[in-house]
>>> print(open('model.txt').read())   # compact mmCIF, C-alpha atoms (C1' of nucleotides)
# COMPACT_ATOMS: atom_id res chain seq x y z
CA MET A 1 4.35 15.36 176.26
CA LYS A 2 5.89 13.38 179.08
CA ILE A 3 3.72 12.94 182.16
CA ALA A 4 5.12 11.20 185.22
CA THR A 5 4.13 10.15 188.71
CA PHE A 6 6.55 9.79 191.61
CA ASN A 7 5.93 9.01 195.27
CA VAL A 8 8.91 10.83 196.80
CA ASN A 9 8.46 9.77 200.45
CA GLY A 10 9.18 13.18 201.96
CA ILE A 11 9.91 16.17 199.75
CA THR A 12 12.30 17.71 202.28
CA ALA A 13 14.49 14.63 202.56
CA ARG A 14 14.10 13.88 198.85
CA LEU A 15 14.68 17.32 197.35
CA PRO A 16 18.14 16.59 195.86
CA THR A 17 16.85 13.34 194.36
CA LEU A 18 13.74 15.07 193.01
CA LEU A 19 15.77 17.86 191.42
CA ARG A 20 18.14 15.37 189.83
CA TRP A 21 15.23 13.45 188.35
CA LEU A 22 13.55 16.61 187.02
CA GLU A 23 16.78 17.72 185.39
CA GLU A 24 17.62 14.36 183.85
CA SER A 25 14.16 13.19 182.86
CA ARG A 26 12.55 16.59 182.14
CA PRO A 27 8.91 15.52 182.49
CA ASP A 28 6.45 18.12 181.21
CA ILE A 29 4.09 17.26 184.06
CA ALA A 30 5.09 15.57 187.32
CA CYS A 31 2.61 14.29 189.89
CA LEU A 32 4.22 13.88 193.31
CA GLN A 33 2.89 12.09 196.37
CA GLU A 34 3.75 11.53 200.03
CA LEU A 35 5.35 14.94 200.44
CA LYS A 36 5.07 14.85 204.24
CA ALA A 37 5.35 18.59 204.69
CA PRO A 38 2.92 21.32 205.77
CA GLN A 39 1.64 23.78 203.19
CA GLU A 40 4.17 26.47 204.02
CA ARG A 41 7.15 24.16 203.67
CA PHE A 42 7.01 23.50 199.95
CA PRO A 43 10.47 24.17 198.41
CA GLU A 44 9.05 26.78 196.03
CA ALA A 45 12.32 28.47 195.09
CA ALA A 46 14.12 25.23 194.24
CA ILE A 47 11.22 23.96 192.13
CA ARG A 48 10.89 27.26 190.25
CA GLU A 49 14.65 27.31 189.75
CA ALA A 50 14.32 23.90 188.14
CA GLY A 51 11.87 25.43 185.67
CA TYR A 52 8.57 24.23 187.08
CA GLY A 53 5.34 25.84 188.13
CA PHE A 54 3.27 23.94 190.67
CA ALA A 55 0.07 23.41 192.56
CA TRP A 56 0.31 21.57 195.81
CA HIS A 57 -1.64 20.49 198.85
CA GLY A 58 0.47 19.85 201.90
CA GLN A 59 -0.17 18.33 205.31
CA LYS A 60 1.95 18.04 208.41
CA SER A 61 3.75 14.70 208.73
CA TRP A 62 1.69 12.67 206.28
CA ASN A 63 0.32 12.59 202.77
CA GLY A 64 0.70 15.66 200.57
CA VAL A 65 0.38 15.82 196.77
CA ALA A 66 1.68 18.16 194.06
CA ILE A 67 1.38 18.76 190.33
CA LEU A 68 4.42 20.30 188.65
CA ALA A 69 4.46 21.65 185.09
CA ARG A 70 7.58 22.56 183.17
CA GLY A 71 7.46 26.17 182.07
CA ALA A 72 3.82 26.58 183.10
CA ASP A 73 1.63 27.09 186.12
CA PRO A 74 -0.93 24.33 186.56
CA VAL A 75 -4.42 25.76 186.96
CA GLU A 76 -5.77 24.16 190.11
CA ARG A 77 -9.35 22.90 189.92
CA ARG A 78 -9.71 21.23 193.28
CA ARG A 79 -7.59 20.02 196.15
CA VAL A 80 -10.10 17.70 197.75
CA LEU A 81 -11.75 14.59 196.43
CA PRO A 82 -15.50 15.21 196.73
CA GLY A 83 -17.77 13.06 198.81
CA ASP A 84 -16.57 13.24 202.42
CA PRO A 85 -16.22 16.63 204.11
CA GLU A 86 -14.72 14.92 207.16
CA ASP A 87 -11.79 13.48 205.23
CA LEU A 88 -8.93 15.90 205.89
CA HIS A 89 -6.09 13.88 204.37
CA SER A 90 -4.32 15.70 201.54
CA ARG A 91 -4.43 12.89 199.04
CA TYR A 92 -5.83 14.49 195.88
CA ILE A 93 -5.19 17.54 193.75
CA GLU A 94 -6.53 18.26 190.30
CA ALA A 95 -5.38 20.84 187.77
CA THR A 96 -5.38 21.59 184.08
CA VAL A 97 -2.13 22.01 182.21
CA GLY A 98 -2.92 23.28 178.74
CA ASP A 99 -5.72 21.06 177.43
CA ILE A 100 -5.09 18.14 179.72
CA VAL A 101 -6.79 17.43 183.04
CA VAL A 102 -4.46 15.97 185.64
CA GLY A 103 -5.59 14.32 188.86
CA CYS A 104 -2.75 13.50 191.25
CA LEU A 105 -3.68 10.99 193.93
CA TYR A 106 -2.29 9.15 196.90
CA LEU A 107 -4.70 6.36 197.67
CA PRO A 108 -4.79 5.11 201.27
CA ASN A 109 -2.60 2.10 202.03
CA GLY A 110 -5.45 0.39 203.88
CA ASN A 111 -3.50 -1.95 206.13
CA PRO A 112 -4.24 -3.68 208.39
CA ALA A 113 -7.06 -5.36 206.53
CA PRO A 114 -9.77 -5.97 207.32
CA GLY A 115 -10.38 -3.00 209.59
CA PRO A 116 -11.25 0.70 209.62
CA LYS A 117 -8.22 1.68 207.54
CA PHE A 118 -9.23 -0.79 204.85
CA ASP A 119 -12.80 0.52 204.95
CA TYR A 120 -11.43 4.04 204.47
CA LYS A 121 -9.41 2.85 201.49
CA LEU A 122 -12.47 1.37 199.80
CA ARG A 123 -14.59 4.45 200.50
CA TRP A 124 -11.84 6.66 199.11
CA PHE A 125 -11.70 4.48 196.03
CA ASP A 126 -15.46 4.87 195.52
CA ARG A 127 -15.09 8.63 195.70
CA LEU A 128 -12.26 8.49 193.16
CA SER A 129 -14.42 6.47 190.78
CA ALA A 130 -17.25 8.96 191.15
CA ARG A 131 -14.88 11.80 190.25
CA ALA A 132 -13.43 9.75 187.39
CA ALA A 133 -16.94 9.21 186.01
CA GLU A 134 -17.55 12.96 186.01
CA LEU A 135 -14.25 13.58 184.25
CA VAL A 136 -14.64 10.91 181.59
CA ALA A 137 -18.05 12.24 180.63
CA ARG A 138 -16.41 15.44 179.37
CA GLU A 139 -14.61 13.56 176.60
CA GLU A 140 -11.32 15.34 177.27
CA PRO A 141 -7.81 14.00 177.81
CA VAL A 142 -7.59 13.11 181.51
CA VAL A 143 -4.73 11.49 183.41
CA LEU A 144 -5.29 10.17 186.93
CA ALA A 145 -1.78 9.50 188.17
CA GLY A 146 -0.36 8.48 191.47
CA ASP A 147 0.31 5.92 194.14
CA TYR A 148 -2.80 3.76 193.98
CA ASN A 149 -1.55 1.30 196.59
CA VAL A 150 -2.99 -1.41 194.34
CA ILE A 151 -1.25 -4.49 192.94
CA PRO A 152 -3.62 -5.05 190.00
CA GLU A 153 -2.67 -8.65 189.18
CA ALA A 154 -0.41 -11.41 190.47
CA ARG A 155 2.03 -10.59 187.68
CA ASP A 156 2.54 -7.18 189.28
CA ALA A 157 4.40 -8.68 192.25
CA GLU A 158 7.59 -10.72 192.33
CA PHE A 159 6.22 -12.81 195.19
CA PRO A 160 2.43 -12.55 194.89
CA ALA A 161 1.79 -15.19 197.53
CA ALA A 162 3.40 -12.90 200.13
CA TRP A 163 0.70 -10.29 199.43
CA GLU A 164 -2.33 -12.53 199.91
CA GLY A 165 -4.63 -10.80 202.34
CA ASP A 166 -2.73 -7.51 202.17
CA ALA A 167 -4.80 -4.37 201.58
CA LEU A 168 -2.86 -3.74 198.36
CA PHE A 169 -3.87 -7.07 196.83
CA ARG A 170 -7.22 -8.03 198.30
CA PRO A 171 -9.97 -8.91 195.82
CA GLN A 172 -12.02 -5.84 196.80
CA THR A 173 -9.04 -3.57 196.16
CA ARG A 174 -8.37 -5.07 192.74
CA GLU A 175 -12.07 -4.91 191.92
CA ALA A 176 -12.11 -1.21 192.79
CA PHE A 177 -9.15 -0.63 190.48
CA ARG A 178 -10.96 -2.46 187.69
CA ALA A 179 -13.96 -0.18 188.20
CA LEU A 180 -11.84 2.63 186.75
CA LYS A 181 -11.20 0.45 183.74
CA TRP A 182 -14.91 -0.16 183.22
CA LEU A 183 -15.45 3.61 183.25
CA GLY A 184 -13.13 3.79 180.26
CA PHE A 185 -9.75 4.45 181.89
CA SER A 186 -6.76 2.39 180.86
CA ASP A 187 -3.58 1.50 182.71
CA ALA A 188 -1.00 3.35 180.60
CA TYR A 189 1.94 1.10 181.42
CA LEU A 190 -0.06 -2.00 180.56
CA GLU A 191 -1.22 -0.58 177.22
CA ALA A 192 2.12 0.85 176.11
CA ASP A 193 4.53 -1.84 177.32
CA GLY A 194 3.14 -4.36 179.76
CA ALA A 195 6.35 -6.32 180.26
CA PRO A 196 6.26 -8.09 183.63
CA GLY A 197 8.67 -7.15 186.40
CA ALA A 198 8.16 -3.40 186.02
CA TYR A 199 7.91 -2.79 189.73
CA THR A 200 7.54 0.71 191.13
CA PHE A 201 8.03 0.02 194.86
CA TRP A 202 10.42 -2.01 196.95
CA ASP A 203 10.37 -1.90 200.74
CA TYR A 204 13.42 -0.36 202.34
CA GLN A 205 13.64 -3.36 204.66
CA ALA A 206 15.23 -6.76 204.35
CA GLY A 207 17.08 -6.05 201.11
CA ALA A 208 13.85 -6.05 199.12
CA PHE A 209 15.36 -4.18 196.16
CA GLN A 210 18.42 -6.43 196.04
CA ARG A 211 16.10 -9.45 195.90
CA ASP A 212 13.81 -7.60 193.45
CA ASP A 213 10.97 -8.19 195.88
CA GLY A 214 8.92 -5.45 194.24
CA ILE A 215 5.34 -4.52 193.36
CA ARG A 216 3.76 -2.33 190.69
CA ILE A 217 1.48 0.07 192.54
CA ASP A 218 2.08 3.48 190.91
CA HIS A 219 -0.19 3.92 187.91
CA LEU A 220 -1.34 6.41 185.30
CA ALA A 221 -4.97 5.89 184.31
CA LEU A 222 -5.87 7.46 180.95
CA SER A 223 -9.25 8.56 179.69
CA PRO A 224 -10.01 7.35 176.14
CA GLU A 225 -9.07 10.75 174.71
CA ALA A 226 -5.67 10.52 176.43
CA ALA A 227 -5.18 6.85 175.60
CA ASP A 228 -5.69 7.65 171.91
CA ARG A 229 -2.47 9.64 172.14
CA LEU A 230 -0.38 7.15 174.12
CA ARG A 231 3.01 6.61 172.52
CA GLY A 232 4.99 4.91 175.27
CA ALA A 233 5.51 4.30 178.97
CA ALA A 234 8.50 3.62 181.18
CA VAL A 235 9.22 2.70 184.78
CA LEU A 236 12.41 4.46 185.88
CA ARG A 237 13.84 1.63 187.94
CA TYR A 238 17.39 3.02 187.87
CA THR A 239 16.49 5.85 190.23
CA ARG A 240 16.13 3.26 193.02
CA SER A 241 19.94 2.84 192.90
CA TRP A 242 20.59 6.54 193.48
CA GLU A 243 21.80 8.00 196.77
CA LYS A 244 18.93 8.47 199.20
CA PRO A 245 16.27 6.92 196.97
CA SER A 246 12.56 6.98 197.62
CA ASP A 247 11.07 3.54 198.17
CA HIS A 248 9.11 4.22 194.94
CA VAL A 249 10.43 5.01 191.45
CA PRO A 250 8.83 7.31 188.85
CA VAL A 251 6.58 6.05 186.07
CA ALA A 252 6.40 8.18 182.92
CA VAL A 253 4.16 8.11 179.86
CA ASP A 254 4.58 9.81 176.51
CA LEU A 255 1.39 11.31 175.08
CA ASP A 256 1.23 12.83 171.62
CA LEU A 257 -0.49 16.01 172.82
CA GLY A 258 0.61 19.55 171.92
C1' DA B 1 8.40 -11.50 209.49
C1' DT B 2 11.47 -7.65 208.99
C1' DG B 3 17.45 -6.61 208.03
C1' DT B 4 14.62 0.75 206.79
C1' DC B 5 13.29 5.31 206.26
C1' DT B 6 10.79 9.77 207.36
C1' DC B 7 8.58 12.83 210.30
C1' DG B 8 7.58 15.23 214.64
C1' DA B 9 7.68 15.97 219.49
C1' DT B 10 10.87 16.65 222.22
C1' DC B 11 14.98 15.79 222.71
C1' DC B 12 19.14 13.96 222.15
C1' DT B 13 15.26 9.01 221.47
C1' DC B 14 11.13 7.14 220.33
C1' DG B 15 6.50 6.04 218.23
C1' DA B 16 3.80 5.95 214.15
C1' DG B 17 3.13 4.93 209.46
C1' DA B 18 4.41 2.71 205.45
>>> encode(input="model.txt", output="C-alpha cells")
Amino acid sequence: MKIATFNVNGITARLPTLLRWLEESRPDIACLQELKAPQERFPEAAIREAGYGFAWHGQKSWNGVAILARGADPVERRRVLPGDPEDLHSRYIEATVGDIVVGCLYLPNGNPAPGPKFDYKLRWFDRLSARAAELVAREEPVVLAGDYNVIPEARDAEFPAAWEGDALFRPQTREAFRALKWLGFSDAYLEADGAPGAYTFWDYQAGAFQRDDGIRIDHLALSPEAADRLRGAAVLRYTRSWEKPSDHVPVAVDLDLG
DNA sequence: ATGTCTCGATCCTCGAGA
C-alpha cells in the first residue's frame, strides 16, 4: 500500500499537476495540504474521475487538508485537532481507510519567530502530540502525514546555517518533532532510506531549486504497528521540474498492509 | 535578502502569507 503526502499550494491552480501525479504514481492514499479553497470549491468530479474517494476540510484563502483513497471512501473521524475550540484553521483531518488510521496535517509555519505565530505553532504541536499519544495507545497502524514545517536536523537542509533562528529549525521546533518520536512514531523516510539531500521543499524565489537550496519538511510519522510494515520510501523530486509545480514535492511510503 | 507564486478583494493591481 502506497501512502503519500503532498503540499499542493492551491488545489485550484494545481489541479492538472495533482491529476498527473495521481495517474502516474497511483498512491493508494494521498494526504494533501495547503488547498487554499473553501469547502464548496473542492474539485469533486475531477478527483472521482481519477478514481479517488476523499474527505476534505477546506477554508477560504488559506490552509485546507484532504485525504484521498483510491477506489475507496475514507471514513472521516475528525476534522479538527482537539484542544483549542478557538483555533479555526483547517489544518488537520483524520480518517480510516481500511484498517489504517490516517491523520493529514498542515502544521503552522510559525514565522516570524519568536512571536505569536511561533507560539501558535508550538501550541499546535502540543495538541498534535496529545492526539498522537491517544492514537498510539490503540496499537493500530497509524500514519500522521503532512507538511510539518520542521527541518528535523541540519542534514535536512542544503544550507542549514541560513535557517538558524527560523521557526522551521529552532530548537523548540525540533524538540517538538522529537516528542512524536518518543511517543513511538518514526520518520518513515529516515527509517526506509535516509539518504541526505532528499528535500521536499524549495522556495519559488531566487532560483532555489536550481541551486538545490532545499529543505526536508514533509514527513510521514508511523506508529510502531505501521513501521513494522514499512518496505520503502521515496521523495518524488522530479515533480518539481513539471509545468506549474508546487513548491513542495510528494513523499511516498510503501507499507506491507492489505 | 529575495530573483516567486497563490489567493481574494476589487479590479484591472495590490497586500498577505509562505
>>> atom_distance(input="model.txt", atom1="CA of Arg131 (chain A)", atom2="CA of Ile47 (chain A)")
28.9 Å
>>> closest_atom_pairs(input="model.txt", of="chain A", to="chain B", cutoff="7 Å", atoms="only C-alpha atoms (C1' of nucleotides)", output="tab-separated table")
residue	atom	partner	partner_atom	distance
A:Gly10	CA	B:DT6	C1'	6.6
A:Ser61	CA	B:DC7	C1'	5.4
A:Tyr204	CA	B:DT4	C1'	4.7
A:Gln205	CA	B:DT4	C1'	4.7
A:Ala206	CA	B:DG3	C1'	4.3
A:Gly207	CA	B:DG3	C1'	7.0
>>> atom_distance(input="model.txt", atom1="CA of Val253 (chain A)", atom2="CA of Thr12 (chain A)")
25.7 Å
>>> atom_distance(input="model.txt", atom1="CA of Ala192 (chain A)", atom2="CA of Ala157 (chain A)")
18.9 Å
>>> residues_around(input="model.txt", residues="region 64-69 of chain A", least_positions_apart="5", cutoff="9 Å", atoms="only C-alpha atoms (C1' of nucleotides)", output="PyMOL selection string")
chain A and resi 7+10+27-39+47+51-59+74+76+89-95+97+102-106
